[in-house]
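Peer 1: upload-v2.pdb (PDB, C-alpha atoms) pasted underneath:
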```pdb
ATOM      1  CA  MET A   1       2.765   2.810  -4.092
ATOM      2  CA  THR A   2       4.470  -0.579  -4.036
ATOM      3  CA  MET A   3       6.731  -1.465  -6.978
ATOM      4  CA  HIS A   4       6.428  -5.180  -6.185
ATOM      5  CA  GLN A   5       4.283  -7.540  -8.236
ATOM      6  CA  THR A   6       0.795  -7.980  -6.790
ATOM      7  CA  GLY A   7      -1.907 -10.520  -7.586
ATOM      8  CA  SER A   8      -4.974 -12.368  -6.424
ATOM      9  CA  ARG A   9      -5.048 -14.959  -3.650
ATOM     10  CA  ASP A  10      -5.345 -17.725  -6.268
ATOM     11  CA  GLU A  11      -2.301 -16.400  -8.144
ATOM     12  CA  TRP A  12      -0.348 -16.256  -4.878
ATOM     13  CA  LEU A  13      -1.367 -19.824  -3.984
ATOM     14  CA  SER A  14      -0.325 -21.168  -7.373
ATOM     15  CA  ALA A  15       3.086 -19.476  -7.130
ATOM     16  CA  ARG A  16       3.487 -20.598  -3.525
ATOM     17  CA  ILE A  17       2.832 -24.250  -4.363
ATOM     18  CA  ALA A  18       5.392 -24.087  -7.181
ATOM     19  CA  LEU A  19       7.923 -22.592  -4.783
ATOM     20  CA  LEU A  20       7.142 -25.295  -2.213
ATOM     21  CA  GLU A  21       8.506 -27.940  -4.571
ATOM     22  CA  LYS A  22      11.812 -26.061  -4.757
ATOM     23  CA  GLU A  23      11.875 -25.662  -0.970
ATOM     24  CA  LYS A  24      11.346 -29.403  -0.573
ATOM     25  CA  GLU A  25      14.172 -30.049  -3.028
ATOM     26  CA  LEU A  26      16.454 -27.778  -0.994
ATOM     27  CA  THR A  27      15.444 -29.551   2.219
ATOM     28  CA  ARG A  28      16.306 -32.929   0.733
ATOM     29  CA  LEU A  29      19.630 -31.592  -0.515
ATOM     30  CA  SER A  30      20.357 -30.116   2.917
ATOM     31  CA  ASP A  31      19.655 -33.503   4.516
ATOM     32  CA  GLU A  32      22.040 -35.151   2.076
ATOM     33  CA  LEU A  33      24.757 -32.574   2.773
ATOM     34  CA  ALA A  34      24.373 -33.207   6.510
ATOM     35  CA  ARG A  35      24.783 -36.936   5.875
ATOM     36  CA  GLN A  36      27.944 -36.294   3.834
ATOM     37  CA  ARG A  37      29.364 -34.043   6.574
ATOM     38  CA  GLN A  38      28.949 -36.910   9.021
ATOM     39  CA  GLN A  39      30.786 -39.230   6.645
ATOM     40  CA  LEU A  40      33.924 -37.090   6.444
ATOM     41  CA  PRO A  41      36.993 -38.930   7.789
ATOM     42  CA  TRP A  42      37.919 -38.105  11.374
ATOM     43  CA  VAL A  43      41.389 -36.666  11.995
ATOM     44  CA  ARG A  44      43.052 -37.628  15.262
ATOM     45  CA  ILE A  45      44.227 -34.690  17.402
ATOM     46  CA  ASP A  46      47.502 -35.478  19.151
ATOM     47  CA  LYS A  47      48.556 -31.890  19.871
ATOM     48  CA  ALA A  48      48.185 -30.788  23.497
ATOM     49  CA  PHE A  49      46.149 -27.612  23.073
ATOM     50  CA  ARG A  50      45.661 -25.591  26.256
ATOM     51  CA  PHE A  51      42.823 -23.236  27.158
ATOM     52  CA  GLU A  52      41.764 -20.993  30.026
ATOM     53  CA  THR A  53      38.189 -21.480  31.185
ATOM     54  CA  GLU A  54      36.051 -20.384  34.107
ATOM     55  CA  GLU A  55      36.915 -23.693  35.751
ATOM     56  CA  GLY A  56      40.671 -23.180  35.237
ATOM     57  CA  PRO A  57      43.236 -24.486  32.734
ATOM     58  CA  ALA A  58      41.772 -27.032  30.333
ATOM     59  CA  SER A  59      42.720 -29.386  27.525
ATOM     60  CA  LEU A  60      40.705 -29.806  24.350
ATOM     61  CA  ALA A  61      39.207 -32.969  25.847
ATOM     62  CA  ASP A  62      38.132 -30.976  28.907
ATOM     63  CA  LEU A  63      36.078 -28.639  26.710
ATOM     64  CA  PHE A  64      33.709 -31.535  25.948
ATOM     65  CA  ARG A  65      32.504 -31.313  29.572
ATOM     66  CA  GLY A  66      31.848 -35.036  29.726
ATOM     67  CA  ARG A  67      29.968 -35.232  26.427
ATOM     68  CA  SER A  68      31.088 -37.047  23.282
ATOM     69  CA  GLN A  69      30.714 -34.139  20.833
ATOM     70  CA  LEU A  70      32.060 -30.588  20.824
ATOM     71  CA  LEU A  71      31.085 -27.688  18.585
ATOM     72  CA  VAL A  72      33.449 -24.722  18.723
ATOM     73  CA  TYR A  73      32.492 -21.291  17.482
ATOM     74  CA  HIS A  74      35.677 -19.389  16.651
ATOM     75  CA  PHE A  75      34.557 -15.989  17.910
ATOM     76  CA  MET A  76      36.519 -13.025  16.531
ATOM     77  CA  PHE A  77      37.944 -11.480  19.691
ATOM     78  CA  GLY A  78      41.683 -11.050  19.268
ATOM     79  CA  PRO A  79      44.173 -10.162  21.991
ATOM     80  CA  ASP A  80      44.154  -6.515  20.848
ATOM     81  CA  TYR A  81      40.368  -6.205  20.681
ATOM     82  CA  LYS A  82      38.547  -4.139  23.293
ATOM     83  CA  ALA A  83      35.182  -5.689  22.325
ATOM     84  CA  GLY A  84      34.008  -8.665  20.284
ATOM     85  CA  CYS A  85      33.349  -8.511  16.550
ATOM     86  CA  PRO A  86      29.835  -7.118  15.859
ATOM     87  CA  SER A  87      29.025  -9.923  13.409
ATOM     88  CA  CYS A  88      30.188 -12.643  15.788
ATOM     89  CA  SER A  89      28.191 -10.936  18.525
ATOM     90  CA  ALA A  90      25.028 -11.036  16.408
ATOM     91  CA  ILE A  91      25.618 -14.742  15.761
ATOM     92  CA  ALA A  92      26.288 -15.445  19.449
ATOM     93  CA  ASP A  93      22.994 -13.804  20.412
ATOM     94  CA  GLY A  94      21.389 -17.019  19.223
ATOM     95  CA  PHE A  95      23.480 -19.355  21.408
ATOM     96  CA  ASN A  96      21.827 -18.905  24.807
ATOM     97  CA  GLY A  97      18.591 -20.645  23.967
ATOM     98  CA  ILE A  98      20.163 -23.711  22.359
ATOM     99  CA  THR A  99      23.106 -24.650  24.588
ATOM    100  CA  MET A 100      20.859 -26.511  27.023
ATOM    101  CA  HIS A 101      19.187 -28.455  24.226
ATOM    102  CA  LEU A 102      22.555 -29.392  22.702
ATOM    103  CA  ALA A 103      23.947 -30.385  26.102
ATOM    104  CA  ASN A 104      21.037 -32.763  26.557
ATOM    105  CA  HIS A 105      21.777 -34.280  23.168
ATOM    106  CA  ASP A 106      25.414 -35.089  24.034
ATOM    107  CA  VAL A 107      26.839 -31.943  22.378
ATOM    108  CA  THR A 108      28.754 -29.110  24.058
ATOM    109  CA  LEU A 109      28.754 -25.719  22.360
ATOM    110  CA  MET A 110      31.806 -23.637  23.272
ATOM    111  CA  ALA A 111      33.034 -20.274  22.005
ATOM    112  CA  VAL A 112      36.815 -19.934  21.722
ATOM    113  CA  SER A 113      38.794 -16.713  21.213
ATOM    114  CA  ARG A 114      42.367 -15.468  21.631
ATOM    115  CA  ALA A 115      41.582 -12.559  23.959
ATOM    116  CA  PRO A 116      42.375 -13.049  27.663
ATOM    117  CA  LEU A 117      39.652 -14.895  29.550
ATOM    118  CA  SER A 118      38.904 -11.948  31.838
ATOM    119  CA  ARG A 119      38.090  -9.768  28.823
ATOM    120  CA  LEU A 120      35.907 -12.469  27.265
ATOM    121  CA  LEU A 121      33.917 -12.965  30.453
ATOM    122  CA  ALA A 122      33.470  -9.225  30.966
ATOM    123  CA  TYR A 123      32.132  -8.885  27.432
ATOM    124  CA  ARG A 124      29.874 -11.913  27.919
ATOM    125  CA  GLU A 125      28.412 -10.247  31.014
ATOM    126  CA  ARG A 126      27.857  -7.019  29.083
ATOM    127  CA  MET A 127      26.002  -8.972  26.372
ATOM    128  CA  GLY A 128      23.939 -10.979  28.862
ATOM    129  CA  TRP A 129      25.100 -14.333  27.515
ATOM    130  CA  GLY A 130      25.600 -17.555  29.452
ATOM    131  CA  PHE A 131      27.276 -19.984  27.043
ATOM    132  CA  PRO A 132      30.784 -21.276  27.931
ATOM    133  CA  TRP A 133      33.714 -19.334  26.504
ATOM    134  CA  ALA A 134      37.362 -20.364  26.533
ATOM    135  CA  SER A 135      40.530 -18.408  25.807
ATOM    136  CA  CYS A 136      43.281 -19.913  23.667
ATOM    137  CA  SER A 137      45.533 -16.879  24.079
ATOM    138  CA  ASP A 138      48.648 -18.907  24.953
ATOM    139  CA  GLY A 139      48.249 -21.685  22.379
ATOM    140  CA  ALA A 140      48.087 -22.531  18.704
ATOM    141  CA  PHE A 141      44.478 -23.725  18.532
ATOM    142  CA  ASN A 142      43.012 -20.908  16.419
ATOM    143  CA  PHE A 143      46.113 -20.792  14.235
ATOM    144  CA  ASP A 144      45.966 -24.522  13.571
ATOM    145  CA  PHE A 145      42.297 -24.311  12.622
ATOM    146  CA  ASN A 146      42.891 -21.402  10.255
ATOM    147  CA  VAL A 147      40.939 -18.656  11.987
ATOM    148  CA  SER A 148      43.866 -16.646  13.419
ATOM    149  CA  PHE A 149      46.868 -15.377  11.506
ATOM    150  CA  THR A 150      50.092 -13.473  12.061
ATOM    151  CA  GLU A 151      51.102 -10.093  10.688
ATOM    152  CA  GLN A 152      53.833 -11.838   8.716
ATOM    153  CA  GLN A 153      51.278 -14.097   7.046
ATOM    154  CA  GLN A 154      49.314 -10.987   6.083
ATOM    155  CA  ARG A 155      52.409  -9.359   4.583
ATOM    156  CA  ASP A 156      53.508 -12.487   2.734
ATOM    157  CA  GLY A 157      50.104 -13.364   1.307
ATOM    158  CA  ALA A 158      50.279 -16.624   3.256
ATOM    159  CA  ILE A 159      46.817 -16.581   4.821
ATOM    160  CA  GLU A 160      44.831 -19.745   4.048
ATOM    161  CA  TYR A 161      41.219 -19.060   4.994
ATOM    162  CA  ASN A 162      38.099 -20.869   3.844
ATOM    163  CA  PHE A 163      40.310 -23.384   2.013
ATOM    164  CA  GLN A 164      41.911 -20.811  -0.268
ATOM    165  CA  ARG A 165      44.910 -18.485  -0.163
ATOM    166  CA  GLU A 166      44.436 -14.742   0.125
ATOM    167  CA  PRO A 167      46.614 -12.068  -1.487
ATOM    168  CA  ALA A 168      48.974 -10.039   0.673
ATOM    169  CA  PHE A 169      47.300  -7.429   2.848
ATOM    170  CA  VAL A 170      47.853  -3.858   1.651
ATOM    171  CA  TRP A 171      48.586  -1.426   4.467
ATOM    172  CA  ARG A 172      47.126   1.970   3.678
ATOM    173  CA  SER A 173      45.624   5.010   5.311
ATOM    174  CA  ARG A 174      42.093   5.889   4.316
ATOM    175  CA  LEU A 175      41.990   9.070   2.238
ATOM    176  CA  GLU A 176      40.370  12.047   3.893
ATOM    177  CA  GLY A 177      36.735  12.262   2.909
ATOM    178  CA  ASP A 178      36.382   8.592   1.985
ATOM    179  CA  SER A 179      33.510   6.815   3.668
ATOM    180  CA  ALA A 180      34.771   4.081   5.953
ATOM    181  CA  SER A 181      34.493   0.575   4.579
ATOM    182  CA  VAL A 182      32.521  -2.032   6.468
ATOM    183  CA  THR A 183      35.735  -3.639   7.670
ATOM    184  CA  GLU A 184      37.084  -0.294   8.850
ATOM    185  CA  ARG A 185      33.867   0.442  10.713
ATOM    186  CA  PHE A 186      33.782  -2.972  12.352
ATOM    187  CA  ALA A 187      37.462  -2.762  13.247
ATOM    188  CA  ALA A 188      36.903   0.600  14.902
ATOM    189  CA  THR A 189      34.096  -0.824  17.057
ATOM    190  CA  THR A 190      36.526  -3.439  18.405
ATOM    191  CA  GLY A 191      39.152  -0.798  19.180
ATOM    192  CA  THR A 192      41.573  -2.016  16.514
ATOM    193  CA  ASP A 193      42.744  -1.179  13.018
ATOM    194  CA  VAL A 194      41.837  -3.169   9.912
ATOM    195  CA  ALA A 195      45.064  -5.195   9.903
ATOM    196  CA  SER A 196      44.650  -6.323  13.517
ATOM    197  CA  TYR A 197      40.915  -6.916  13.114
ATOM    198  CA  THR A 198      41.299  -9.142  10.050
ATOM    199  CA  ARG A 199      43.943 -11.341  11.652
ATOM    200  CA  GLU A 200      40.965 -13.033  13.332
ATOM    201  CA  ARG A 201      38.240 -14.781  11.333
ATOM    202  CA  PRO A 202      34.943 -16.546  12.118
ATOM    203  CA  GLY A 203      34.418 -20.268  11.832
ATOM    204  CA  VAL A 204      32.909 -23.402  13.319
ATOM    205  CA  SER A 205      34.845 -26.570  14.108
ATOM    206  CA  ALA A 206      33.426 -29.910  15.246
ATOM    207  CA  PHE A 207      35.123 -32.594  17.330
ATOM    208  CA  VAL A 208      34.292 -36.001  18.748
ATOM    209  CA  ILE A 209      35.942 -37.975  21.543
ATOM    210  CA  GLU A 210      36.076 -41.774  21.643
ATOM    211  CA  ASP A 211      38.058 -43.870  24.113
ATOM    212  CA  GLY A 212      39.811 -40.717  25.311
ATOM    213  CA  VAL A 213      40.982 -39.759  21.807
ATOM    214  CA  VAL A 214      39.818 -36.464  20.274
ATOM    215  CA  TYR A 215      39.149 -36.242  16.543
ATOM    216  CA  HIS A 216      38.480 -33.243  14.332
ATOM    217  CA  THR A 217      35.457 -33.948  12.115
ATOM    218  CA  TYR A 218      34.419 -30.729  10.356
ATOM    219  CA  SER A 219      35.146 -27.011   9.941
ATOM    220  CA  THR A 220      33.399 -24.252   8.039
ATOM    221  CA  TYR A 221      34.208 -20.579   7.542
ATOM    222  CA  ALA A 222      32.984 -17.282   6.067
ATOM    223  CA  ARG A 223      29.490 -17.758   4.519
ATOM    224  CA  GLY A 224      29.568 -21.285   5.919
ATOM    225  CA  VAL A 225      28.542 -19.864   9.301
ATOM    226  CA  ASP A 226      25.362 -18.305   7.864
ATOM    227  CA  GLY A 227      23.512 -21.457   8.848
ATOM    228  CA  ILE A 228      24.028 -20.775  12.568
ATOM    229  CA  TRP A 229      23.253 -17.047  12.291
ATOM    230  CA  SER A 230      19.751 -17.218  13.715
ATOM    231  CA  MET A 231      18.445 -13.921  12.333
ATOM    232  CA  TYR A 232      19.145 -14.903   8.721
ATOM    233  CA  PRO A 233      16.557 -17.719   8.397
ATOM    234  CA  TRP A 234      13.970 -15.238   9.662
ATOM    235  CA  LEU A 235      15.089 -12.490   7.275
ATOM    236  CA  ASP A 236      15.091 -14.939   4.367
ATOM    237  CA  ARG A 237      11.357 -15.347   5.012
ATOM    238  CA  ALA A 238      10.627 -11.649   5.504
ATOM    239  CA  PRO A 239       9.058  -9.691   2.590
ATOM    240  CA  LYS A 240      12.260  -7.744   1.836
ATOM    241  CA  GLY A 241      14.722 -10.515   2.726
ATOM    242  CA  ARG A 242      18.142  -9.603   4.057
ATOM    243  CA  ASN A 243      17.862  -6.190   2.380
ATOM    244  CA  GLU A 244      21.588  -5.499   2.635
ATOM    245  CA  ALA A 245      22.133  -3.527  -0.563
ATOM    246  CA  SER A 246      23.775  -0.776   1.457
ATOM    247  CA  GLY A 247      25.934  -3.227   3.404
ATOM    248  CA  PRO A 248      25.811  -4.671   6.925
ATOM    249  CA  TRP A 249      23.276  -2.888   9.106
ATOM    250  CA  TRP A 250      23.528  -4.790  12.383
ATOM    251  CA  ARG A 251      25.150  -3.655  15.624
ATOM    252  CA  ARG A 252      25.745  -5.230  18.993
ATOM    253  CA  HIS A 253      22.315  -5.605  20.527
ATOM    254  CA  ASP A 254      22.995  -2.975  23.204
ATOM    255  CA  GLU A 255      24.059  -0.383  20.595
ATOM    256  CA  TYR A 256      20.843   0.020  18.613
ATOM    257  CA  GLY A 257      19.476   3.518  18.982
ATOM    258  CA  GLN A 258      22.906   5.010  19.510
ATOM    259  CA  SER A 259      24.082   7.619  17.032
TER
END
```
Could you rewrite the structure in this file as structure tokens?
Peer 2:
Amino acid sequence: MTMHQTGSRDEWLSARIALLEKEKELTRLSDELARQRQQLPWVRIDKAFRFETEEGPASLADLFRGRSQLLVYHFMFGPDYKAGCPSCSAIADGFNGITMHLANHDVTLMAVSRAPLSRLLAYRERMGWGFPWASCSDGAFNFDFNVSFTEQQQRDGAIEYNFQREPAFVWRSRLEGDSASVTERFAATTGTDVASYTRERPGVSAFVIEDGVVYHTYSTYARGVDGIWSMYPWLDRAPKGRNEASGPWWRRHDEYGQS
């Protein structure tokens, strides 16, 4: 027997109409936030970042692929990873269907990670994706945009992520019999330990190019990437919502059904 409140169709309709007003309020607020994002000051990029792409070595300007706007997804795939982060992989599952639409609206969507390009492309093939992916393994791009960090930063408590400083990382061995934490489980699926895994973080950064000059316009991190995680808007409308009381449940899409 369901433990959820039940009612008549008229009761449902009355509650739904009341909720609609709140949804409209949220929509208007979301529109206003988008307007304010677009009004942020642009920061000129003078640093010569270098990337490896399928087409060969590239500059940040090259990643625009002839368009005026660039959206970068900072995909957690560090140089020590054997596979991409499961969460980033779930997010990236939603990229294939939109890259063409963005490209025809003067926007290039590009994933960027620190792993070698050959490993990124092999993983992309495994996942059946087609969006462009660049490696910044020999440059400072991810470090400068606060999504990659050094072991020393971890030890010193010098990581600045999501616009706030984190405490020093505590190295420890999990006690026998303890259930693995989410981070430990995710780290294991990438072939790394927790320290190595958490030196990479997710994020989105936006850029624009005008008269050959590249500007940084926006970045968001952590829960800020929920908005591009395509399964979440669907779950937020499902009867039981995200239903994550027991923690993250998702896997890479080719791992469901595995023990």
Peer 1: Residues within 10 Å of (29.1, -13.8, 17.2), file coordinates, counting only C-alpha atoms: what are they? Give the list as a PyMOL selection string.
Peer 2: chain A and resi 73-77+84-95+111+202-203+225+228-229+252
Peer 1: In terms of the shortest atom-to-atom distance over only C-alpha atoms, which of A:Gly78, A:Arg242, A:Trp171, A:Ser230 is closest to Gly191 in chain A?
Peer 2: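 Closest candidate: A:Gly78.
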Peer 1: Which residue, A:Val72, A:Val182, A:Val170, A:Val147, has the smallest gap to Trp249 in chain A when you use all atoms listed in the file?
Peer 2: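 That would be A:Val182, the residue with the smallest distance to Trp249 in chain A.
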Peer 1: Excluding same-chain residues fewer than 6 positions from Phe51 in chain A, what lies within 8 Å of it counting only C-alpha atoms, as a list in words?
Peer 2: Pro57, Ala58, Ser59, Leu60, Ala134, Ser135, Cys136, Ser137, Asp138 and Gly139 of chain A
Peer 1: Out of A:Arg223, A:His101, A:Arg67, A:Arg16, which residue has the shortest atom-to-atom distance to Asn162 in chain A when counting only C-alpha atoms?
Peer 2: A:Arg223
Peer 1: List as a PyMOL selection string the residues having at least one atom at most 9 Å from position (31.6, -33.8, 20.9) as given in the file, counting all atoms listed in the file.
Peer 2: chain A and resi 63-64+66-71+106-109+206-209+214
Peer 1: Using all atoms listed in the file, which residue out of A:Pro233, A:Arg28, A:Thr217, A:Leu120 lies closest to Pro41 in chain A?
Peer 2: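 For Pro41 in chain A, the nearest of the candidates is A:Thr217.
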Peer 1: I'd like to know which of A:Leu121, A:Thr6, A:Ala83, A:Phe149 is closest to Thr192 in chain A, using all atoms listed in the file.
Peer 2: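 Ranked by minimum distance to Thr192 in chain A, first place goes to A:Ala83.
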Peer 1: Because the input lacks atoms here, generate all heavy atoms for range 208-219 of chain A and report them as a compact mmCIF listing (two decimals), keeping the file's coordinate frame.
Peer 2:
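Okay, this is what ended up in part-v4.txt:
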```txt
# COMPACT_ATOMS: atom_id res chain seq x y z
N VAL A 208 34.90 -34.88 18.05
CA VAL A 208 34.29 -36.00 18.75
C VAL A 208 35.38 -36.66 19.59
O VAL A 208 36.57 -36.60 19.25
CB VAL A 208 33.67 -37.01 17.74
CG1 VAL A 208 34.76 -37.70 16.91
CG2 VAL A 208 32.79 -38.02 18.44
N ILE A 209 34.99 -37.26 20.70
CA ILE A 209 35.94 -37.98 21.54
C ILE A 209 35.46 -39.42 21.72
O ILE A 209 34.29 -39.66 22.02
CB ILE A 209 36.12 -37.27 22.91
CG1 ILE A 209 37.26 -37.89 23.70
CG2 ILE A 209 34.84 -37.21 23.71
CD1 ILE A 209 37.69 -37.05 24.90
N GLU A 210 36.37 -40.35 21.48
CA GLU A 210 36.08 -41.77 21.64
C GLU A 210 37.26 -42.44 22.31
O GLU A 210 38.41 -42.27 21.85
CB GLU A 210 35.78 -42.44 20.30
CG GLU A 210 34.40 -42.14 19.74
CD GLU A 210 34.00 -43.09 18.62
OE1 GLU A 210 34.84 -43.91 18.18
OE2 GLU A 210 32.83 -43.00 18.17
N ASP A 211 37.01 -43.17 23.37
CA ASP A 211 38.06 -43.87 24.11
C ASP A 211 39.20 -42.92 24.50
O ASP A 211 40.38 -43.30 24.45
CB ASP A 211 38.61 -45.05 23.29
CG ASP A 211 37.54 -46.08 22.98
OD1 ASP A 211 36.69 -46.33 23.86
OD2 ASP A 211 37.55 -46.61 21.86
N GLY A 212 38.83 -41.69 24.86
CA GLY A 212 39.81 -40.72 25.31
C GLY A 212 40.58 -40.03 24.20
O GLY A 212 41.43 -39.17 24.46
N VAL A 213 40.29 -40.36 22.95
CA VAL A 213 40.98 -39.76 21.81
C VAL A 213 40.06 -38.73 21.15
O VAL A 213 38.89 -39.02 20.87
CB VAL A 213 41.40 -40.82 20.77
CG1 VAL A 213 42.06 -40.16 19.56
CG2 VAL A 213 42.33 -41.84 21.41
N VAL A 214 40.59 -37.53 20.90
CA VAL A 214 39.82 -36.46 20.27
C VAL A 214 40.10 -36.46 18.77
O VAL A 214 41.25 -36.56 18.34
CB VAL A 214 40.17 -35.10 20.88
CG1 VAL A 214 39.42 -33.97 20.15
CG2 VAL A 214 39.83 -35.06 22.37
N TYR A 215 39.04 -36.32 18.00
CA TYR A 215 39.15 -36.24 16.54
C TYR A 215 38.48 -34.97 16.04
O TYR A 215 37.43 -34.57 16.55
CB TYR A 215 38.47 -37.44 15.88
CG TYR A 215 39.00 -38.79 16.27
CD1 TYR A 215 38.50 -39.46 17.39
CD2 TYR A 215 40.00 -39.40 15.52
CE1 TYR A 215 38.98 -40.71 17.75
CE2 TYR A 215 40.49 -40.66 15.87
CZ TYR A 215 39.98 -41.30 17.00
OH TYR A 215 40.45 -42.54 17.35
N HIS A 216 39.09 -34.37 15.04
CA HIS A 216 38.48 -33.24 14.33
C HIS A 216 37.63 -33.82 13.21
O HIS A 216 38.09 -34.67 12.44
CB HIS A 216 39.57 -32.33 13.76
CG HIS A 216 39.05 -31.23 12.89
ND1 HIS A 216 39.59 -30.94 11.65
CD2 HIS A 216 38.04 -30.34 13.08
CE1 HIS A 216 38.95 -29.92 11.11
NE2 HIS A 216 38.01 -29.54 11.96
N THR A 217 36.38 -33.37 13.10
CA THR A 217 35.46 -33.95 12.12
C THR A 217 35.00 -32.98 11.03
O THR A 217 34.65 -33.41 9.92
CB THR A 217 34.21 -34.51 12.82
OG1 THR A 217 33.45 -33.43 13.40
CG2 THR A 217 34.61 -35.50 13.91
N TYR A 218 35.01 -31.67 11.32
CA TYR A 218 34.42 -30.73 10.36
C TYR A 218 34.81 -29.32 10.73
O TYR A 218 34.96 -28.99 11.91
CB TYR A 218 32.89 -30.86 10.37
CG TYR A 218 32.15 -29.90 9.47
CD1 TYR A 218 32.13 -30.08 8.09
CD2 TYR A 218 31.45 -28.80 10.00
CE1 TYR A 218 31.43 -29.21 7.26
CE2 TYR A 218 30.75 -27.93 9.17
CZ TYR A 218 30.75 -28.15 7.80
OH TYR A 218 30.07 -27.28 6.98
N SER A 219 35.00 -28.45 9.72
CA SER A 219 35.15 -27.01 9.94
C SER A 219 34.49 -26.27 8.78
O SER A 219 34.46 -26.77 7.65
CB SER A 219 36.62 -26.59 10.03
OG SER A 219 37.18 -26.95 11.27
```
